[in-house]
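First comes the structure, then the notes that go with it.
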Amino acid sequence: MLKLQIIITSTRPGRVGLPVGQWFAERAQSHGGFKVEVVDLAEINLPFLDEPNHPRLRQYTHQHTKDWSATIDSGDAYVFVMPEYNYGMNAPMKNAIDYLHQEWQHKPVGFVSYGGVSAGTRAVQMAKQVVTTLKMVPLPEAVSIPFVAQFLDDEGRIQPNDVMNTSADALLAELLRYAEALAPLRA
Ligand SMILES: Cc1cc2nc3c(=O)[nH]c(=O)nc-3n(C[C@H](O)[C@H](O)[C@H](O)COP(=O)(O)O)c2cc1C
């Protein structure tokens with residue numbers, strides 16, 4: 001089974017990203033097409049990029065980079081669960097992407113974004129420019145959650161609406177098709 005990594009990019013205390021990521025991970029498990037792994041950048045806790053060599057050389061000097069490389073290398077498809085900060089992606093997400101190079105290549109990527117009126121879509125547009133440089137293949141199917149707080153229940157869990165569930169399923173279906181189609185490029 002191909003592995004889908006759901007990368008929760010928000011790291012701040014009280015982040016909405018955690019329940020959004022948990023909801024999407026449950027949806028991905030129900031989809032059944034992938035082995036699902038949640039990768040939480042708050043737990044990974046990478047410092048700002050501190051490697052002396054360009055990542056394409058894979059000459060990593062720090063254990064945290066070697067561990068991050070092994071984690072991302074093992075994925076066949078990614079979903080970034082991402083907030084919008086000041087119309088862009090948040091700094092931990094960009095930092096985590098910048099750490100690596102070949103590990104990301106030739107894999108499809110989807111976006112589950114959230115925020116206010118824009119539902120994080122401005123940050124997603126910014127992210128597409130970055131991920132294509134690393135030969136990830138971003139998909140147009142996406143989950144875009146506007147005014148995300150309205151979907152949190154009293155226990156801080158996401159209660160999705162039909163649009164969220166439908167768009168999640170469409171994204172998962174397309175991610176699987178692309179992950180399979182791109183597999184020969186990763187061989
Ligand atoms: C530094 C910062 C910048 C923000 N900028 C935006 C923004 O540009 N657009 C938006 O829709 N929401 C913005 N917000 C509101 C976030 O969408 C909201 O706080 C969301 O919960 C952040 O995700 P998180 O809780 O997972 O960190 C911003 C929040 C923070 C903390």
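Labeling convention for the structure tokens: chains A, B, ... as they appear, residues from 1 per chain, ligands from 1 in order of appearance.
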Contacts with ligand 1 at most 10 Å, only C-alpha atoms and all ligand atoms counted, listed as a PyMOL selection string: chain A and resi 8-21+81-91+113-123+145-149
Strand (DSSP E) positions in segment 15-186 of chain A, given as a ChimeraX atom specification: /A:35-40,77-83,108-114,137-145
Please dump the current selection as a compact mmCIF listing (two decimals), in the first residue's frame; keep C-alpha atoms.
# COMPACT_ATOMS: atom_id res chain seq x y z
CA LYS A 35 -1.43 3.64 4.60
CA VAL A 36 -1.93 6.87 6.55
CA GLU A 37 0.68 8.58 8.71
CA VAL A 38 0.26 11.87 10.55
CA VAL A 39 3.43 13.95 10.62
CA ASP A 40 3.15 16.77 13.13
CA ALA A 77 1.95 11.29 -1.32
CA TYR A 78 1.55 14.29 0.96
CA VAL A 79 -1.19 16.46 2.30
CA PHE A 80 -0.22 19.72 3.94
CA VAL A 81 -2.70 20.79 6.58
CA MET A 82 -1.98 24.48 6.56
CA PRO A 83 -3.17 27.78 7.99
CA PRO A 108 1.62 14.28 -5.50
CA VAL A 109 0.66 16.83 -2.90
CA GLY A 110 -2.71 18.07 -1.75
CA PHE A 111 -3.66 20.95 0.51
CA VAL A 112 -6.12 21.15 3.37
CA SER A 113 -6.16 24.84 4.20
CA TYR A 114 -8.12 26.96 6.58
CA VAL A 137 2.92 17.61 -8.20
CA PRO A 138 0.22 19.80 -6.59
CA LEU A 139 -3.38 18.84 -7.22
CA PRO A 140 -6.21 21.29 -7.87
CA GLU A 141 -8.55 19.24 -5.70
CA ALA A 142 -8.35 20.69 -2.20
CA VAL A 143 -10.14 21.11 1.07
CA SER A 144 -10.56 24.84 1.74
CA ILE A 145 -12.14 25.64 5.09
Residue list (helix (DSSP H, G or I), DSSP) for chain A, as number ranges by chain: A: 17-31, 41-44, 55-57, 63-73, 91-98, 102-104, 121-133, 148-151, 162-186
Keeping only C-alpha atoms, write the selected residues as a tab-separated table (two decimals), in the first residue's frame.
chain	number	residue	atom	x	y	z
A	17	GLY	CA	-4.28	22.64	12.67
A	18	LEU	CA	-4.25	19.68	15.04
A	19	PRO	CA	-8.00	18.97	15.00
A	20	VAL	CA	-8.19	19.73	11.28
A	21	GLY	CA	-5.38	17.25	10.68
A	22	GLN	CA	-7.01	14.65	12.93
A	23	TRP	CA	-10.30	14.99	11.05
A	24	PHE	CA	-8.60	14.64	7.67
A	25	ALA	CA	-6.55	11.65	8.88
A	26	GLU	CA	-9.74	9.86	9.94
A	27	ARG	CA	-11.25	10.61	6.56
A	28	ALA	CA	-8.14	9.24	4.84
A	29	GLN	CA	-8.30	6.08	6.95
A	30	SER	CA	-11.93	5.60	5.89
A	31	HIS	CA	-10.97	6.10	2.25
A	41	LEU	CA	5.71	19.56	12.73
A	42	ALA	CA	5.16	20.56	16.37
A	43	GLU	CA	6.47	17.15	17.42
A	44	ILE	CA	9.22	17.03	14.80
A	55	PRO	CA	19.84	19.68	0.46
A	56	ARG	CA	20.17	18.23	-3.06
A	57	LEU	CA	23.58	16.85	-1.98
A	63	GLN	CA	20.54	13.91	13.31
A	64	HIS	CA	17.29	15.90	13.17
A	65	THR	CA	17.82	16.37	9.40
A	66	LYS	CA	18.61	12.68	8.85
A	67	ASP	CA	15.46	11.76	10.75
A	68	TRP	CA	13.35	14.26	8.80
A	69	SER	CA	14.84	12.98	5.53
A	70	ALA	CA	13.97	9.37	6.42
A	71	THR	CA	10.43	10.37	7.37
A	72	ILE	CA	9.68	12.24	4.15
A	73	ASP	CA	11.52	9.69	2.00
A	91	ALA	CA	7.22	29.71	8.55
A	92	PRO	CA	7.50	26.16	10.00
A	93	MET	CA	6.01	24.73	6.80
A	94	LYS	CA	8.44	26.58	4.54
A	95	ASN	CA	11.34	25.65	6.80
A	96	ALA	CA	10.40	21.96	6.83
A	97	ILE	CA	10.13	21.94	3.03
A	98	ASP	CA	13.46	23.73	2.57
A	102	GLN	CA	15.09	14.64	-3.53
A	103	GLU	CA	12.90	13.21	-0.78
A	104	TRP	CA	9.96	15.30	-2.01
A	121	THR	CA	-6.33	29.67	-0.42
A	122	ARG	CA	-3.86	32.52	-0.78
A	123	ALA	CA	-1.34	30.54	1.24
A	124	VAL	CA	-1.99	27.49	-0.94
A	125	GLN	CA	-1.26	29.47	-4.09
A	126	MET	CA	2.04	30.51	-2.55
A	127	ALA	CA	2.82	26.92	-1.58
A	128	LYS	CA	2.22	25.64	-5.12
A	129	GLN	CA	5.03	27.83	-6.41
A	130	VAL	CA	7.38	26.33	-3.84
A	131	VAL	CA	6.43	22.65	-4.14
A	132	THR	CA	6.73	22.60	-7.94
A	133	THR	CA	10.34	23.71	-7.59
A	148	VAL	CA	-12.54	27.42	10.50
A	149	ALA	CA	-13.59	28.15	14.10
A	150	GLN	CA	-17.26	27.57	13.13
A	151	PHE	CA	-16.45	23.87	12.62
A	162	ASP	CA	-20.80	18.03	3.47
A	163	VAL	CA	-18.59	20.24	1.33
A	164	MET	CA	-15.56	19.40	3.47
A	165	ASN	CA	-16.23	15.67	3.36
A	166	THR	CA	-16.89	15.65	-0.38
A	167	SER	CA	-13.80	17.68	-1.19
A	168	ALA	CA	-11.67	15.50	1.11
A	169	ASP	CA	-12.83	12.37	-0.70
A	170	ALA	CA	-12.19	13.94	-4.11
A	171	LEU	CA	-8.69	14.93	-3.03
A	172	LEU	CA	-7.92	11.46	-1.66
A	173	ALA	CA	-9.13	9.74	-4.83
A	174	GLU	CA	-6.99	11.94	-7.03
A	175	LEU	CA	-3.95	11.66	-4.76
A	176	LEU	CA	-4.07	7.89	-5.08
A	177	ARG	CA	-4.30	8.05	-8.89
A	178	TYR	CA	-1.33	10.40	-9.06
A	179	ALA	CA	0.72	8.50	-6.48
A	180	GLU	CA	0.33	5.34	-8.54
A	181	ALA	CA	1.02	7.10	-11.83
A	182	LEU	CA	4.15	8.81	-10.53
A	183	ALA	CA	5.57	5.68	-8.89
A	184	PRO	CA	7.72	4.74	-11.91
A	185	LEU	CA	9.47	8.11	-11.72
A	186	ARG	CA	10.43	7.35	-8.12
Residue nearest Leu100 of chain A among A:Phe48, A:His54, A:Met136, A:Thr61 (counting only C-alpha atoms):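 Answer, going by the shortest atom-to-atom distance: A:His54.
Taking atom CA of Pro52 of chain A as the reference point, atom CA of Lys135 of chain A is found at 22.5 Å.
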